[in-house]
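Novice: Structure incoming, see below.
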Amino acid sequence: MSSLPVLVLNSGSSSIKFAIYEAGGAQPLRLYEGAVDGIGTEQGKFWIKDSSGNKLVDQSPALPNRSVAFKLVADLLHSGDFPRPSAIGHRMVCGAPTLQINQRVTPEMIDEMERYKDFAPLHTPIGAYIMRQALELFPNAPSFACSDSYFHRTMPEVSTHMPLPAEYSAMGVRRIGFHGISYESIIHQLQPNVPARLIVAHLGNGASISAVREGKCVDTSMGLTPTGGIISGTRTGDIDPGVLLFMLRKIANRAKSVEEAADILEAAVSKKAGLLGMSELSNDMRDLRSAIHAGNKKARLAVDKFSRAVASWAASFFAELGGIDMLVFTGGIGENDIAVRAEICAGLSALGIVLDSERNNVRGAAVISAENSPVTVRVIPPAEDLIIVNHVVRLLSEQEEELAGAFAVSQQD
Ligand code: ADP
């Protein structure tokens, strides 16, 4: 087996997650995983652990900005203690119409990402920054961008088109959808028995849900940006557009520029809203559950809103798909929060979904629906890194084939 270390980089608004895989064998093997978390804080977290779970680095450094954060990762990977990557795979969150396919990262591609940064302002700028840094710091390892919206490319126009004046559609405003790599990983894990009519709910810090027919996405809850769709940790989800206009007018009175007004509005709907905004306590479902146990009514209302939103989207997809065969929960909340799964499924009982409460209570149970439930309900952890590695391996081999083809043609010439 020839060695093929692949570095996976997954940047969020305040964290950079990374993993090193050995992809030279039949199945990619994860050797190390780590993260720098809490970018923008005095005391962040920086850790890396090996495949047995042993922590090799566990620090709490100051992380004033993303450049300090990424330098920690790059220095560690250049230390000689870890395999030097032969290729790099990035999770790309970007709505640029030309960037919805997985492709080799080039400086021009990053320029295009930056032109569309307003479509996902919390994700695209840091992703573009990390890609530029990776090109510079790992010049011998080709970088590939895996679009988090690639999975949604099969949606029909009735799902993607937004009812706006045509000039905005021409600018690329449409439903794009995110969490696509997580959805791909669920389909990958269900193969070869992917049910014909499937709904997958990815419930993490960001939450979305997708309708999948014969393995292909036909609809999804997130829109042009990851702020749309279901209420999540700090984001509103879908909201009456008149509310945004009301807020904008209030904000405009105190903002010094249009840009500042947009930033304040952005923070209000994307960083301070959702479960955090409603509970006035936390965006973390674990904190909200403890608060609910202690009788906190705002936490109860926030979680009820969340469960209702997921159930409502699922019910609408149920109608769209003409019934469903399987509902899958994934993401940190979907995998771990027993009560949320029970609440969502109770909201779907009219559609014939029957949960087995004993199975649902067992951590790690794969199937949580009752024997007689016409819809199978499953819990499947996402495996996003693995999907990125698979894309990188495929893109690398396509690139090699292209080079070999070009070489053969030049020999003939
Ligand atoms: P991200 O979208 O950042 O990848 P995750 O998929 O890790 O997020 O999900 C984070 C969410 O999962 C948080 O709201 C967290 O509270 C929730 N979560 C994690 N573990 C549990 C648990 N044991 N019980 C309830 N919620 C949990």
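Here's how to read the names in the structure tokens: chain A, B, ... by the order shown, residue numbers from 1 in each chain, ligand numbers from 1 in the order shown.
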Please identify all polymer residues within 10 Å of region 14-25 of chain A, counting only C-alpha atoms, omitting same-chain residues fewer than 3 positions from it, and present them as an MDAnalysis selection string.
Specialist: chainID A and resid 1:11 28:41 44:51 63 65:66 69:70 73 77 82:90 122:123 126:127 130 385:386 389:390 392:393
Novice: Find the residues near Ile199 (chain A): any atom within 12 Å, counting only C-alpha atoms, skip ones fewer than 4 places away on the same chain, and give them as a ChimeraX atom specification.
Specialist: /A:183,186-187,194-195,208-221,310-311,313-330,375-379
Novice: Would you save the residues from that selection as a CSV table (one decimal), in the first residue's frame, using C-alpha atoms?
Specialist:
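Produced file part38.csv, reproduced below:
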chain,number,residue,atom,x,y,z
A,183,TYR,CA,-26.2,14.3,4.3
A,186,ILE,CA,-25.7,9.5,5.9
A,187,ILE,CA,-26.6,8.2,2.4
A,194,VAL,CA,-31.0,3.7,0.8
A,195,PRO,CA,-34.8,4.0,1.3
A,208,SER,CA,-31.4,21.7,8.9
A,209,ILE,CA,-33.5,19.0,7.4
A,210,SER,CA,-33.6,17.5,3.9
A,211,ALA,CA,-36.0,15.5,1.8
A,212,VAL,CA,-34.3,12.8,-0.2
A,213,ARG,CA,-35.8,10.7,-3.0
A,214,GLU,CA,-33.9,7.7,-4.3
A,215,GLY,CA,-30.7,9.0,-2.7
A,216,LYS,CA,-31.0,12.5,-4.3
A,217,CYS,CA,-31.9,15.7,-2.5
A,218,VAL,CA,-35.2,17.2,-3.6
A,219,ASP,CA,-35.7,19.9,-0.9
A,220,THR,CA,-33.9,21.3,2.2
A,221,SER,CA,-34.7,23.8,4.9
A,310,VAL,CA,-38.2,20.3,13.0
A,311,ALA,CA,-41.6,18.5,13.0
A,313,TRP,CA,-40.5,20.8,8.2
A,314,ALA,CA,-40.5,17.0,8.4
A,315,ALA,CA,-44.3,17.0,7.9
A,316,SER,CA,-44.1,19.3,4.9
A,317,PHE,CA,-41.4,17.0,3.4
A,318,PHE,CA,-43.6,14.0,4.2
A,319,ALA,CA,-46.3,15.5,1.9
A,320,GLU,CA,-43.7,16.5,-0.7
A,321,LEU,CA,-42.3,12.9,-0.9
A,322,GLY,CA,-45.8,11.3,-0.8
A,323,GLY,CA,-45.0,9.6,2.5
A,324,ILE,CA,-41.7,8.4,3.9
A,325,ASP,CA,-39.9,5.2,4.6
A,326,MET,CA,-37.2,6.4,7.0
A,327,LEU,CA,-36.4,9.4,9.2
A,328,VAL,CA,-32.8,9.8,10.3
A,329,PHE,CA,-31.5,12.0,13.2
A,330,THR,CA,-27.9,13.2,13.0
A,375,VAL,CA,-41.7,4.7,9.2
A,376,THR,CA,-38.3,3.5,10.5
A,377,VAL,CA,-36.6,6.1,12.7
A,378,ARG,CA,-32.8,5.9,12.9
A,379,VAL,CA,-29.9,7.7,14.6
Novice: Check which residues fall inside 8 Å of ligand 1 when counting only C-alpha atoms and all ligand atoms, and print them as a ChimeraX atom specification.
Specialist: /A:12,202-207,233,283-287,289,330-338
Novice: For all heavy atoms, I'd like the residues from the last selection saved as a short mmCIF file (atom, residue, chain, number, x, y, z; two decimals), in the first residue's frame.
Specialist:
data_model
loop_
_atom_site.label_atom_id
_atom_site.label_comp_id
_atom_site.auth_asym_id
_atom_site.auth_seq_id
_atom_site.Cartn_x
_atom_site.Cartn_y
_atom_site.Cartn_z
N GLY A 12 -15.18 26.69 11.06
CA GLY A 12 -16.46 27.31 11.41
C GLY A 12 -16.21 28.75 11.81
O GLY A 12 -15.08 29.24 11.70
N HIS A 202 -30.41 17.04 10.31
CA HIS A 202 -29.08 17.30 10.89
C HIS A 202 -29.27 18.37 11.96
O HIS A 202 -29.48 19.54 11.66
CB HIS A 202 -28.09 17.78 9.82
CG HIS A 202 -26.76 18.12 10.42
ND1 HIS A 202 -25.63 17.35 10.24
CD2 HIS A 202 -26.38 19.15 11.21
CE1 HIS A 202 -24.63 17.88 10.91
NE2 HIS A 202 -25.05 18.98 11.50
N LEU A 203 -29.23 17.95 13.23
CA LEU A 203 -29.51 18.88 14.32
C LEU A 203 -28.24 19.07 15.16
O LEU A 203 -27.91 18.23 16.00
CB LEU A 203 -30.65 18.33 15.20
CG LEU A 203 -31.91 17.87 14.44
CD1 LEU A 203 -32.95 17.32 15.40
CD2 LEU A 203 -32.50 19.02 13.62
N GLY A 204 -27.51 20.14 14.87
CA GLY A 204 -26.31 20.46 15.64
C GLY A 204 -26.41 21.91 16.07
O GLY A 204 -27.52 22.42 16.28
N ASN A 205 -25.27 22.59 16.19
CA ASN A 205 -25.33 24.04 16.49
C ASN A 205 -26.13 24.75 15.42
O ASN A 205 -26.89 25.67 15.71
CB ASN A 205 -23.92 24.62 16.56
CG ASN A 205 -23.32 24.40 17.93
OD1 ASN A 205 -24.01 24.54 18.94
ND2 ASN A 205 -22.05 24.06 17.97
N GLY A 206 -25.94 24.34 14.18
CA GLY A 206 -26.82 24.76 13.09
C GLY A 206 -27.74 23.57 12.83
O GLY A 206 -27.34 22.43 13.03
N ALA A 207 -28.98 23.84 12.43
CA ALA A 207 -29.91 22.73 12.22
C ALA A 207 -30.55 22.84 10.85
O ALA A 207 -30.93 23.93 10.42
CB ALA A 207 -30.99 22.73 13.30
N GLY A 233 -29.04 27.07 17.23
CA GLY A 233 -28.37 27.59 18.43
C GLY A 233 -28.44 29.11 18.57
O GLY A 233 -28.94 29.64 19.57
N ASN A 283 -26.96 28.74 23.91
CA ASN A 283 -27.28 28.12 22.62
C ASN A 283 -27.05 26.62 22.69
O ASN A 283 -27.26 25.91 21.70
CB ASN A 283 -26.40 28.72 21.50
CG ASN A 283 -24.93 28.47 21.76
OD1 ASN A 283 -24.47 28.63 22.89
ND2 ASN A 283 -24.20 28.08 20.75
N ASP A 284 -26.59 26.14 23.83
CA ASP A 284 -26.19 24.73 23.96
C ASP A 284 -27.36 23.93 24.53
O ASP A 284 -27.87 24.23 25.61
CB ASP A 284 -24.97 24.64 24.89
CG ASP A 284 -24.34 23.28 24.84
OD1 ASP A 284 -25.04 22.28 25.14
OD2 ASP A 284 -23.15 23.19 24.50
N MET A 285 -27.77 22.91 23.78
CA MET A 285 -28.94 22.12 24.17
C MET A 285 -28.77 21.48 25.56
O MET A 285 -29.74 21.35 26.31
CB MET A 285 -29.20 21.05 23.10
CG MET A 285 -30.52 20.36 23.21
SD MET A 285 -31.92 21.49 23.20
CE MET A 285 -32.43 21.48 21.51
N ARG A 286 -27.53 21.12 25.92
CA ARG A 286 -27.32 20.51 27.23
C ARG A 286 -27.69 21.48 28.35
O ARG A 286 -28.33 21.12 29.34
CB ARG A 286 -25.87 20.05 27.39
CG ARG A 286 -25.57 18.80 26.63
CD ARG A 286 -24.11 18.56 26.47
NE ARG A 286 -23.52 19.56 25.57
CZ ARG A 286 -22.37 19.42 24.94
NH1 ARG A 286 -21.66 18.34 25.14
NH2 ARG A 286 -21.92 20.35 24.14
N ASP A 287 -27.27 22.76 28.18
CA ASP A 287 -27.60 23.78 29.20
C ASP A 287 -29.11 23.98 29.27
O ASP A 287 -29.68 24.14 30.35
CB ASP A 287 -26.98 25.15 28.82
CG ASP A 287 -25.46 25.09 28.80
OD1 ASP A 287 -24.91 24.16 29.42
OD2 ASP A 287 -24.85 25.95 28.15
N ARG A 289 -31.46 21.82 28.54
CA ARG A 289 -32.10 20.68 29.20
C ARG A 289 -31.98 20.81 30.72
O ARG A 289 -32.94 20.56 31.45
CB ARG A 289 -31.45 19.36 28.76
CG ARG A 289 -31.89 18.91 27.40
CD ARG A 289 -33.31 18.38 27.40
NE ARG A 289 -33.80 18.29 26.02
CZ ARG A 289 -35.06 18.43 25.65
NH1 ARG A 289 -36.00 18.67 26.53
NH2 ARG A 289 -35.41 18.33 24.40
N THR A 330 -29.39 13.08 12.96
CA THR A 330 -27.93 13.16 13.04
C THR A 330 -27.53 14.51 13.62
O THR A 330 -28.39 15.34 13.92
CB THR A 330 -27.29 12.88 11.66
OG1 THR A 330 -25.88 12.72 11.82
CG2 THR A 330 -27.55 14.01 10.67
N GLY A 331 -26.21 14.75 13.81
CA GLY A 331 -25.74 15.99 14.44
C GLY A 331 -25.75 15.84 15.95
O GLY A 331 -26.38 14.93 16.50
N GLY A 332 -25.04 16.73 16.65
CA GLY A 332 -24.87 16.61 18.11
C GLY A 332 -26.18 16.47 18.87
O GLY A 332 -26.29 15.65 19.79
N ILE A 333 -27.19 17.25 18.50
CA ILE A 333 -28.49 17.16 19.20
C ILE A 333 -29.24 15.91 18.74
O ILE A 333 -29.76 15.14 19.56
CB ILE A 333 -29.34 18.43 18.93
CG1 ILE A 333 -28.62 19.67 19.48
CG2 ILE A 333 -30.72 18.30 19.52
CD1 ILE A 333 -29.28 21.00 19.12
N GLY A 334 -29.26 15.69 17.42
CA GLY A 334 -29.98 14.53 16.87
C GLY A 334 -29.44 13.21 17.42
O GLY A 334 -30.19 12.27 17.67
N GLU A 335 -28.12 13.15 17.62
CA GLU A 335 -27.52 11.91 18.12
C GLU A 335 -27.73 11.72 19.61
O GLU A 335 -27.87 10.60 20.09
CB GLU A 335 -26.00 11.96 17.93
CG GLU A 335 -25.48 11.64 16.59
CD GLU A 335 -24.02 12.02 16.54
OE1 GLU A 335 -23.22 11.41 17.27
OE2 GLU A 335 -23.69 12.95 15.80
N ASN A 336 -27.70 12.83 20.36
CA ASN A 336 -27.58 12.72 21.82
C ASN A 336 -28.80 13.13 22.63
O ASN A 336 -28.92 12.72 23.78
CB ASN A 336 -26.41 13.57 22.31
CG ASN A 336 -25.10 13.09 21.74
OD1 ASN A 336 -24.73 11.93 21.96
ND2 ASN A 336 -24.41 13.94 21.01
N ASP A 337 -29.65 13.98 22.09
CA ASP A 337 -30.74 14.48 22.91
C ASP A 337 -31.99 13.61 22.74
O ASP A 337 -32.78 13.77 21.80
CB ASP A 337 -31.05 15.94 22.57
CG ASP A 337 -31.90 16.58 23.64
OD1 ASP A 337 -32.89 15.95 24.07
OD2 ASP A 337 -31.59 17.70 24.07
N ILE A 338 -32.13 12.68 23.70
CA ILE A 338 -33.23 11.71 23.67
C ILE A 338 -34.57 12.44 23.69
O ILE A 338 -35.50 12.11 22.94
CB ILE A 338 -33.10 10.78 24.90
CG1 ILE A 338 -31.86 9.91 24.74
CG2 ILE A 338 -34.35 9.96 25.15
CD1 ILE A 338 -31.38 9.26 26.02
#
Novice: For the structure I just gave you, how does DSSP split region 351-410 of chain A - specifically, which residues are alpha helix (DSSP H)? Reply as an MDAnalysis selection string.
Specialist: chainID A and resid 357:361 384:410
Novice: Could you check which of A:Tyr150, A:Tyr129, A:Tyr116, A:Phe178 is closest to Ser67 (chain A), using only C-alpha atoms?
Specialist: A:Tyr129
Novice: Here is a test: counting only C-alpha atoms, which residue of A:Leu395, A:Val200, A:Val303, A:Leu244 is nearest to Pro382 (chain A)?
Specialist: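 The answer is A:Val200, which sits nearest to Pro382 (chain A).
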